[in-house]
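Notes to accompany the following structure.
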Amino acid sequence: MSEADKRYIDVQSALARVGGNEGLYKRLLGKFETSIDIAKFNEDIDTKNYVEAGEIVHAAKGVAGNLSLTVFFAASSKLMDQLRNGGTPNDEDVALFRQLFDETKSAVNAYLGV
């Protein structure tokens, strides 16, 4: 099994979700980056389209939860609560969401060996 950065990926929990099938888990992880439209999220935040940004964050939370991407899941959950029903997000939490997306993406790529 490849080594994962435990700060970002809870491999044991994820493998339990997929019946111990590491190959399947790696295929799912390989779709992480493209499953979240971070460019559209950034555009929506910049244009204050918080309803659309909230939908992206909601999807990101689901992906992060299903893949056991722990810190990104927590950041997504917090930001989603702020964006629910078009609410205004906290700038620091938006920045943290962006940062943890990048850091989680790097951890995923390292785990996958890419």
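The chains in the structure tokens are called A, B, ... from first to last as shown; in each chain the residues are counted from 1, and the ligands are counted from 1 in the order shown.
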
Could you make a table, as a tab-separated table, of the residues of region 13-56 of chain A that have an atom within 10 Å of an atom of region 79-100 of chain A, each with its nearest atom pair and distance in Å to one decimal, counting only C-alpha atoms, in chain and number order?
residue	atom	partner	partner_atom	distance
A:Ile38	CA	A:Arg98	CA	7.9
A:Phe41	CA	A:Arg98	CA	9.3
A:Asn42	CA	A:Arg98	CA	8.6
A:Ile45	CA	A:Val94	CA	8.4
A:Lys48	CA	A:Thr88	CA	8.2
A:Asn49	CA	A:Gly86	CA	7.7
A:Tyr50	CA	A:Gly86	CA	4.8
A:Val51	CA	A:Gly86	CA	4.4
A:Glu52	CA	A:Gly86	CA	8.1
A:Ala53	CA	A:Leu83	CA	7.4
A:Gly54	CA	A:Leu83	CA	5.0
A:Glu55	CA	A:Met80	CA	8.3
A:Ile56	CA	A:Met80	CA	9.0

Selection from above, C-alpha atoms, as an mmCIF file, in the first residue's frame, can you write it?
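Done, and the output landed in out15.cif:
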data_model
loop_
_atom_site.group_PDB
_atom_site.id
_atom_site.type_symbol
_atom_site.label_atom_id
_atom_site.label_comp_id
_atom_site.auth_asym_id
_atom_site.auth_seq_id
_atom_site.Cartn_x
_atom_site.Cartn_y
_atom_site.Cartn_z
ATOM 1 C CA ILE A 38 -12.383 25.121 -8.323
ATOM 2 C CA PHE A 41 -15.921 28.272 -7.382
ATOM 3 C CA ASN A 42 -13.369 31.098 -7.571
ATOM 4 C CA ILE A 45 -16.915 33.865 -5.054
ATOM 5 C CA LYS A 48 -20.610 37.061 -5.138
ATOM 6 C CA ASN A 49 -22.704 34.273 -6.645
ATOM 7 C CA TYR A 50 -22.867 32.520 -3.311
ATOM 8 C CA VAL A 51 -25.683 30.141 -4.215
ATOM 9 C CA GLU A 52 -23.622 28.601 -7.040
ATOM 10 C CA ALA A 53 -20.462 28.632 -4.913
ATOM 11 C CA GLY A 54 -22.422 26.835 -2.209
ATOM 12 C CA GLU A 55 -23.412 24.091 -4.646
ATOM 13 C CA ILE A 56 -19.757 23.516 -5.539
#

Task: Closest of A:Asp44, A:Ala39, A:Ser77, A:Lys26 to Val114 (chain A) - atom-to-atom distances counting only C-alpha atoms - done: A:Lys26

Region 52-82 of chain A residues near region 3-18 of chain A within 8 Å, closest pair each, using only C-alpha atoms, as JSON lines:
{"residue": "A:Asn66", "atom": "CA", "partner": "A:Ala14", "partner_atom": "CA", "distance": 7.3}
{"residue": "A:Leu67", "atom": "CA", "partner": "A:Ala14", "partner_atom": "CA", "distance": 5.7}
{"residue": "A:Ser68", "atom": "CA", "partner": "A:Asp10", "partner_atom": "CA", "distance": 5.3}
{"residue": "A:Leu69", "atom": "CA", "partner": "A:Ile9", "partner_atom": "CA", "distance": 4.6}
{"residue": "A:Thr70", "atom": "CA", "partner": "A:Tyr8", "partner_atom": "CA", "distance": 5.5}
{"residue": "A:Val71", "atom": "CA", "partner": "A:Tyr8", "partner_atom": "CA", "distance": 5.7}
{"residue": "A:Phe72", "atom": "CA", "partner": "A:Tyr8", "partner_atom": "CA", "distance": 7.2}

- [ ] Rounded to one decimal place, report the CA of Val108 (chain A)-CA of Asp46 (chain A) distance in Å.
- [x] 27.1 Å

Open item on the list: Would you pick out the contacts of Thr34 (chain A) at 12 Å or less, using only C-alpha atoms, so that residues sharing its chain but fewer than 2 positions from it are not included, and give the list as a list in words?
Closed with: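 Once the nearby chain positions are removed, what remains is Leu28, Leu29, Gly30, Lys31, Phe32, Ile36, Asp37, Ile38, Ala39, Lys40, Ala59, Ala60, Val63, Phe101 and Lys105 of chain A.
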
- [ ] Assign secondary structure with DSSP using the backbone only, and return the residues of chain A in alpha helix (DSSP H) as a PyMOL selection string.
- [x] chain A and resi 11-17+22-29+32-35+38-46+50-66+70-83+91-112

Keeping C-alpha atoms for every residue in the selection just given, could you write it to a file as a compact mmCIF listing (two decimals), in the first residue's frame?
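What landed in again.txt:
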# COMPACT_ATOMS: atom_id res chain seq x y z
CA VAL A 11 -6.86 5.61 4.10
CA GLN A 12 -8.11 3.04 6.61
CA SER A 13 -11.53 4.64 6.77
CA ALA A 14 -11.69 5.00 3.00
CA LEU A 15 -10.68 1.41 2.38
CA ALA A 16 -13.40 0.26 4.77
CA ARG A 17 -15.91 2.11 2.57
CA GLU A 22 -7.26 -0.23 -2.80
CA GLY A 23 -7.38 -0.28 -6.60
CA LEU A 24 -10.93 1.04 -6.56
CA TYR A 25 -10.02 3.64 -3.95
CA LYS A 26 -7.11 4.85 -6.06
CA ARG A 27 -9.35 5.12 -9.14
CA LEU A 28 -11.81 7.20 -7.14
CA LEU A 29 -9.02 9.36 -5.72
CA PHE A 32 -10.76 14.04 -6.97
CA GLU A 33 -9.22 17.05 -8.71
CA THR A 34 -11.58 17.04 -11.69
CA SER A 35 -14.68 16.38 -9.59
CA ILE A 38 -12.38 25.12 -8.32
CA ALA A 39 -12.15 27.66 -11.18
CA LYS A 40 -15.95 28.05 -11.18
CA PHE A 41 -15.92 28.27 -7.38
CA ASN A 42 -13.37 31.10 -7.57
CA GLU A 43 -15.42 32.88 -10.23
CA ASP A 44 -18.61 32.51 -8.18
CA ILE A 45 -16.92 33.86 -5.05
CA ASP A 46 -15.43 36.79 -7.00
CA TYR A 50 -22.87 32.52 -3.31
CA VAL A 51 -25.68 30.14 -4.22
CA GLU A 52 -23.62 28.60 -7.04
CA ALA A 53 -20.46 28.63 -4.91
CA GLY A 54 -22.42 26.84 -2.21
CA GLU A 55 -23.41 24.09 -4.65
CA ILE A 56 -19.76 23.52 -5.54
CA VAL A 57 -18.77 23.43 -1.88
CA HIS A 58 -21.63 21.02 -1.14
CA ALA A 59 -20.34 18.68 -3.86
CA ALA A 60 -16.78 19.08 -2.54
CA LYS A 61 -17.94 18.13 0.94
CA GLY A 62 -19.56 14.99 -0.41
CA VAL A 63 -16.48 13.98 -2.39
CA ALA A 64 -14.18 14.69 0.54
CA GLY A 65 -16.38 12.73 2.91
CA ASN A 66 -16.67 9.72 0.62
CA THR A 70 -10.41 14.72 6.45
CA VAL A 71 -9.22 18.33 6.65
CA PHE A 72 -10.73 19.26 3.29
CA PHE A 73 -14.02 17.74 4.45
CA ALA A 74 -13.94 19.86 7.62
CA ALA A 75 -13.17 23.05 5.67
CA SER A 76 -15.90 22.25 3.14
CA SER A 77 -18.43 21.63 5.91
CA LYS A 78 -17.67 24.93 7.60
CA LEU A 79 -17.84 26.92 4.37
CA MET A 80 -20.98 25.13 3.23
CA ASP A 81 -22.74 26.19 6.42
CA GLN A 82 -21.87 29.81 5.60
CA LEU A 83 -22.96 29.58 1.97
CA ASP A 91 -12.96 35.46 3.62
CA GLU A 92 -10.63 33.43 5.85
CA ASP A 93 -12.72 30.29 5.37
CA VAL A 94 -12.79 30.80 1.60
CA ALA A 95 -8.99 31.10 1.64
CA LEU A 96 -8.69 27.99 3.80
CA PHE A 97 -10.97 26.02 1.45
CA ARG A 98 -8.77 27.01 -1.51
CA GLN A 99 -5.57 26.23 0.37
CA LEU A 100 -6.77 22.85 1.60
CA PHE A 101 -8.03 21.92 -1.86
CA ASP A 102 -4.48 22.47 -3.16
CA GLU A 103 -2.84 20.71 -0.23
CA THR A 104 -5.25 17.78 -0.42
CA LYS A 105 -4.71 17.54 -4.18
CA SER A 106 -0.96 17.33 -3.54
CA ALA A 107 -1.45 14.65 -0.86
CA VAL A 108 -3.69 12.65 -3.19
CA ASN A 109 -1.15 12.89 -6.01
CA ALA A 110 1.65 11.80 -3.67
CA TYR A 111 -0.43 8.82 -2.51
CA LEU A 112 -1.16 7.90 -6.12
